[in-house]
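Right, one structure below, let's go through it.
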Amino acid sequence: MKRLIIICALCVSVFSALFAKVDVRDGKLRLVIEDYEGNFYLYRKNVRGNYVSLLDSKRYSLNSGFYVLYGKSVQKLMRSGGVTIFSEETPSGARLTFSSEEKFVCTVDFTFLASDGKETDSIRIDAAVKNISGDSRLLGLRVFFDTWLGENSGRHFSTALRSSVVSECYFNDMSGEQWVQSSNEEVSLRFLFEGDKITPVQTLALANKDVLSVPVWAPVFVSDRKFDSLQSYNNSALSAAWQPRYLNHDEELNVGFYISTGAGRIHPADYKTLRAGSFDAADTLDKAGESIEPFKAPPPPVDNIRDDDEAYIRFLIARVRELEADPSAANREHILKLTAEIDEVLLKAAGR
């Protein structure tokens with residue numbers, strides 16, 4: 001009975017930590033990832049040095065995130081949709097990994113950049129979806145951002161060609177518009193969708209958030225309609241989708257784009273300025289200068305774990321999360337080592 005109680009306590013500890021929050025602060029930016037549903041929030045320091053939310057972070061709101069097209073169905077990548085989620089801080093930012101058993105694995109890397117080469121004010125987002133089913137499948141990626149900065153001013157968005165976007169619209173080609181900006185008097189947020197290291201979009205839509213958050217590949221909206229719906233008034237959002245592809249087993253679809261930010265009279269960087277000021281983004285690199293792999297590397301061997309309860313528990317949590325994110329990463333040797341570690345922690349906790 002005592003051993004059962006200890007096992008239950010350990011499980012509670014482990015699974016509570018599974019839903020921990022990743023909170024990375026670098027330069028002028030702060031990135032927060034809530035592990036339970038894989039929601040992410042981005043903050044920028046204003047001229048007074050205080051963080052201001054760049055995306056809608058209200059708890060009751062359906063927050064920004066990624067959607068995957070798998071065959072004929074579309075789903076938001078969230079735990080309540082049957083997707084396992086693993087988040088972690090990386091040397092260059094953060095990473096989210098979503099796994100749908102025997103269907104696909106999707107990774108999203110957030111890489112911090114400095115447009116002036118000094119202090120972080122921008123992010124590159126690289127997303128990859130891998131087909132892990134045994135058949136060829138049609139897969140696609142769509143991202144949804146619940147913006148809010150321009151809503152109170154009535155000037156919801158702007159682009160390189162338009163000083164103001166006040167009604168719903170969509171684009172099939174961003175070569176002219178280049179970027180979409182959401183801003184207020186304090187801070188500004190710019191999504192860069194045109195450049196030689198940016199994946200061309202299939203469709204980019206600006207519409208009410210209730211329209212764009214629906215789990216369908218092509219949300220239905222009315223061009224030139226105001227950013228209103230029955231449930232939410234004056235609530236604008238952005239959705240970008242990339243061309244789906246048929247993928248064989250273990251093949252990947254990769255997309256990448258940038259987000260730059262500004263504060264006060266300092267405007268967000270455009271693509272040329274960002275490329276010139278930051279390191280060469282031809283290959284995404286971490287701060288140590290190493291190429292970032294699209295999928296997480298194996299954890300350190302068990303022999304490197306310190307001999308105390310706290311370190312054991314941290315290791316167990318890391319391994320459980322690793323296997324939850326990618327069950328195929330487990331083999332007999334890993335399972336035996338993990339079992340031995342669990343037994344050792346239980347024996348220590350029992351005072352044996």
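In the structure tokens, each chain is lettered A, B, ... as it comes, each chain's residues begin at 1, and ligands are numbered from 1 in order of appearance.
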Check which residues of range 206-268 of chain A sit at most 6 Å from range 111-135 of chain A using only C-alpha atoms, and return one row each with the closest pair of atoms and their distance in Å to one decimal, ordered by chain and rising number, as CSV.
```
residue,atom,partner,partner_atom,distance
A:His249,CA,A:Asn131,CA,5.4
A:Asp250,CA,A:Asn131,CA,5.2
A:Glu251,CA,A:Lys130,CA,5.6
A:Glu252,CA,A:Lys130,CA,4.3
A:Leu253,CA,A:Val129,CA,5.3
A:Asn254,CA,A:Ala128,CA,4.4
A:Val255,CA,A:Ala127,CA,5.4
A:Gly256,CA,A:Asp126,CA,4.4
A:Phe257,CA,A:Ile125,CA,5.6
A:Tyr258,CA,A:Arg124,CA,4.3
A:Ile259,CA,A:Ile123,CA,5.2
A:Ser260,CA,A:Ser122,CA,4.2
A:Thr261,CA,A:Asp121,CA,5.8
```
Written file, previous selection with N, CA, C and O atoms, as an mmCIF file, in the first residue's frame:
```
data_model
loop_
_atom_site.group_PDB
_atom_site.id
_atom_site.type_symbol
_atom_site.label_atom_id
_atom_site.label_comp_id
_atom_site.auth_asym_id
_atom_site.auth_seq_id
_atom_site.Cartn_x
_atom_site.Cartn_y
_atom_site.Cartn_z
ATOM 1 N N HIS A 249 5.470 8.264 -45.952
ATOM 2 C CA HIS A 249 5.903 8.008 -44.578
ATOM 3 C C HIS A 249 7.245 8.687 -44.313
ATOM 4 O O HIS A 249 8.193 8.563 -45.087
ATOM 5 N N ASP A 250 7.330 9.432 -43.208
ATOM 6 C CA ASP A 250 8.525 10.138 -42.735
ATOM 7 C C ASP A 250 8.890 11.359 -43.582
ATOM 8 O O ASP A 250 9.922 11.992 -43.331
ATOM 9 N N GLU A 251 8.093 11.726 -44.557
ATOM 10 C CA GLU A 251 8.345 12.964 -45.287
ATOM 11 C C GLU A 251 7.781 14.148 -44.515
ATOM 12 O O GLU A 251 6.831 14.012 -43.743
ATOM 13 N N GLU A 252 8.362 15.338 -44.749
ATOM 14 C CA GLU A 252 7.988 16.535 -44.009
ATOM 15 C C GLU A 252 7.545 17.659 -44.939
ATOM 16 O O GLU A 252 8.007 17.767 -46.073
ATOM 17 N N LEU A 253 6.673 18.495 -44.396
ATOM 18 C CA LEU A 253 6.312 19.766 -45.009
ATOM 19 C C LEU A 253 6.849 20.853 -44.093
ATOM 20 O O LEU A 253 6.564 20.858 -42.889
ATOM 21 N N ASN A 254 7.653 21.779 -44.634
ATOM 22 C CA ASN A 254 8.294 22.807 -43.826
ATOM 23 C C ASN A 254 7.866 24.199 -44.270
ATOM 24 O O ASN A 254 7.809 24.477 -45.478
ATOM 25 N N VAL A 255 7.584 25.074 -43.305
ATOM 26 C CA VAL A 255 7.267 26.471 -43.603
ATOM 27 C C VAL A 255 8.027 27.358 -42.630
ATOM 28 O O VAL A 255 8.363 26.940 -41.515
ATOM 29 N N GLY A 256 8.307 28.593 -43.053
ATOM 30 C CA GLY A 256 9.010 29.533 -42.192
ATOM 31 C C GLY A 256 8.640 30.968 -42.522
ATOM 32 O O GLY A 256 8.404 31.311 -43.681
ATOM 33 N N PHE A 257 8.562 31.808 -41.484
ATOM 34 C CA PHE A 257 8.291 33.229 -41.661
ATOM 35 C C PHE A 257 8.827 33.969 -40.446
ATOM 36 O O PHE A 257 9.344 33.362 -39.503
ATOM 37 N N TYR A 258 8.713 35.299 -40.468
ATOM 38 C CA TYR A 258 9.279 36.119 -39.399
ATOM 39 C C TYR A 258 8.214 37.015 -38.764
ATOM 40 O O TYR A 258 7.208 37.368 -39.396
ATOM 41 N N ILE A 259 8.483 37.397 -37.519
ATOM 42 C CA ILE A 259 7.708 38.411 -36.821
ATOM 43 C C ILE A 259 8.694 39.441 -36.280
ATOM 44 O O ILE A 259 9.647 39.086 -35.584
ATOM 45 N N SER A 260 8.492 40.715 -36.613
ATOM 46 C CA SER A 260 9.310 41.787 -36.049
ATOM 47 C C SER A 260 8.425 42.691 -35.200
ATOM 48 O O SER A 260 7.206 42.703 -35.357
ATOM 49 N N THR A 261 9.027 43.434 -34.291
ATOM 50 C CA THR A 261 8.256 44.261 -33.368
ATOM 51 C C THR A 261 8.870 45.649 -33.256
ATOM 52 O O THR A 261 10.036 45.870 -33.591
#
```
Counting only C-alpha atoms, give me one row per residue of range 67-182 of chain A with an atom at most 7 Å from an atom of range 218-224 of chain A, showing the shortest contact pair and its distance in Å to one decimal, sorted by chain then residue number, as CSV.
```
residue,atom,partner,partner_atom,distance
A:Ser167,CA,A:Asp224,CA,4.8
A:Glu168,CA,A:Asp224,CA,5.0
A:Cys169,CA,A:Ser223,CA,5.2
```
Quick one: write out the picked residues with C-alpha atoms as a PDB file, in the first residue's frame?
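See selection_4.pdb below for the written result:
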```
ATOM      1  CA  SER A 167     -12.572  45.293 -43.237  1.00  0.00           C
ATOM      2  CA  GLU A 168     -12.099  41.607 -43.990  1.00  0.00           C
ATOM      3  CA  CYS A 169      -9.896  40.684 -46.932  1.00  0.00           C
TER       4      CYS A 169
END
```
Contact residues around Glu194 in chain A with only C-alpha atoms at 7 Å, ignoring same-chain residues under 3 positions, as a PyMOL selection string
chain A and resi 174-175+178-179+198+200
Going by DSSP on the backbone, which bits of range 131-302 of chain A are strand (DSSP E or B)? Write them as a PyMOL selection string, please.
chain A and resi 131+137-145+147+157-159+165+169-171+179-183+187-192+203-208+236-241+245-247+252-263+266+285+291
I'd like to know which of A:Leu149, A:Val24, A:Cys106, A:Leu238 is closest to Glu186 in chain A, using only C-alpha atoms.
A:Leu149
Show which residues sit within 12 Å of Ala263 in chain A, as number ranges by chain. Count only C-alpha atoms, and ignore same-chain residues fewer than 5 positions away.
A: 28-29, 43-54, 121, 149, 182-190, 268-269
Using CA of Phe144 in chain A and CA of Leu247 in chain A as the two end points, give the distance in Å to one decimal.
23.0 Å
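With only C-alpha atoms as the atoms that count, the residue of A:Phe193, A:Tyr36, A:Asn152, A:Lys103 with the shortest distance to Ser73 in chain A is A:Lys103.
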Shortest interatomic distance to Asp146 in chain A - which of A:Gly277, A:Gly38, A:Gly262, A:Gly65, counting only C-alpha atoms:
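Comparing A:Gly277, A:Gly38, A:Gly262, A:Gly65 against Asp146 in chain A, the winner is A:Gly65.
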Let me make sure I understand: among A:Val166, A:Ala240, A:Leu141, A:Leu274, which one has the smallest atom-to-atom distance to Val68 in chain A if we use only C-alpha atoms?
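Ranked by minimum distance to Val68 in chain A, first place goes to A:Leu141.
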Run DSSP on the backbone of this structure and report the residues of range 9-242 of chain A it assigns to helix (DSSP H, G or I), as a PyMOL selection string.
chain A and resi 9-18+79-81+209-212
Would you save the residues of that selection, restricted to C-alpha atoms, as a PDB file, in the first residue's frame?
```
ATOM      1  CA  ALA A   9       2.326  10.818  -5.561  1.00  0.00           C
ATOM      2  CA  LEU A  10       5.131  10.536  -8.087  1.00  0.00           C
ATOM      3  CA  CYS A  11       2.649  10.334 -10.954  1.00  0.00           C
ATOM      4  CA  VAL A  12       0.879  13.457  -9.742  1.00  0.00           C
ATOM      5  CA  SER A  13       4.214  15.252  -9.542  1.00  0.00           C
ATOM      6  CA  VAL A  14       5.254  14.116 -12.999  1.00  0.00           C
ATOM      7  CA  PHE A  15       1.995  14.854 -14.762  1.00  0.00           C
ATOM      8  CA  SER A  16       1.605  18.222 -13.052  1.00  0.00           C
ATOM      9  CA  ALA A  17       4.970  19.165 -14.443  1.00  0.00           C
ATOM     10  CA  LEU A  18       3.923  17.951 -17.885  1.00  0.00           C
ATOM     11  CA  ARG A  79      -4.425  18.528 -26.164  1.00  0.00           C
ATOM     12  CA  SER A  80      -8.226  18.408 -25.979  1.00  0.00           C
ATOM     13  CA  GLY A  81      -8.168  17.363 -29.646  1.00  0.00           C
ATOM     14  CA  LYS A 209     -11.335  35.926 -35.015  1.00  0.00           C
ATOM     15  CA  ASP A 210     -14.476  33.768 -34.761  1.00  0.00           C
ATOM     16  CA  VAL A 211     -14.351  33.235 -38.530  1.00  0.00           C
ATOM     17  CA  LEU A 212     -10.662  32.366 -38.719  1.00  0.00           C
TER      18      LEU A 212
END
```
Closest to Arg95 in chain A among A:Tyr170, A:Phe145, A:Tyr70, A:Phe110, using only C-alpha atoms?
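Ranked by minimum distance to Arg95 in chain A, first place goes to A:Phe110.
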Tell me, in Å to one decimal, how far CA of Ser87 in chain A is from CA of Asn63 in chain A.
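CA of Asn63 in chain A lies at a distance of 16.5 Å from CA of Ser87 in chain A.
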Would you mind telling me which residue in A:Ala237, A:Ala94, A:Met78, A:Ile85 lies nearest to Arg25 in chain A when using only C-alpha atoms?
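Closest residue, counting only C-alpha atoms: A:Ala94.
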Just to confirm, what's the straight-line distance from CA of Pro215 in chain A to CA of Gly176 in chain A in Å (one decimal)?
28.4 Å
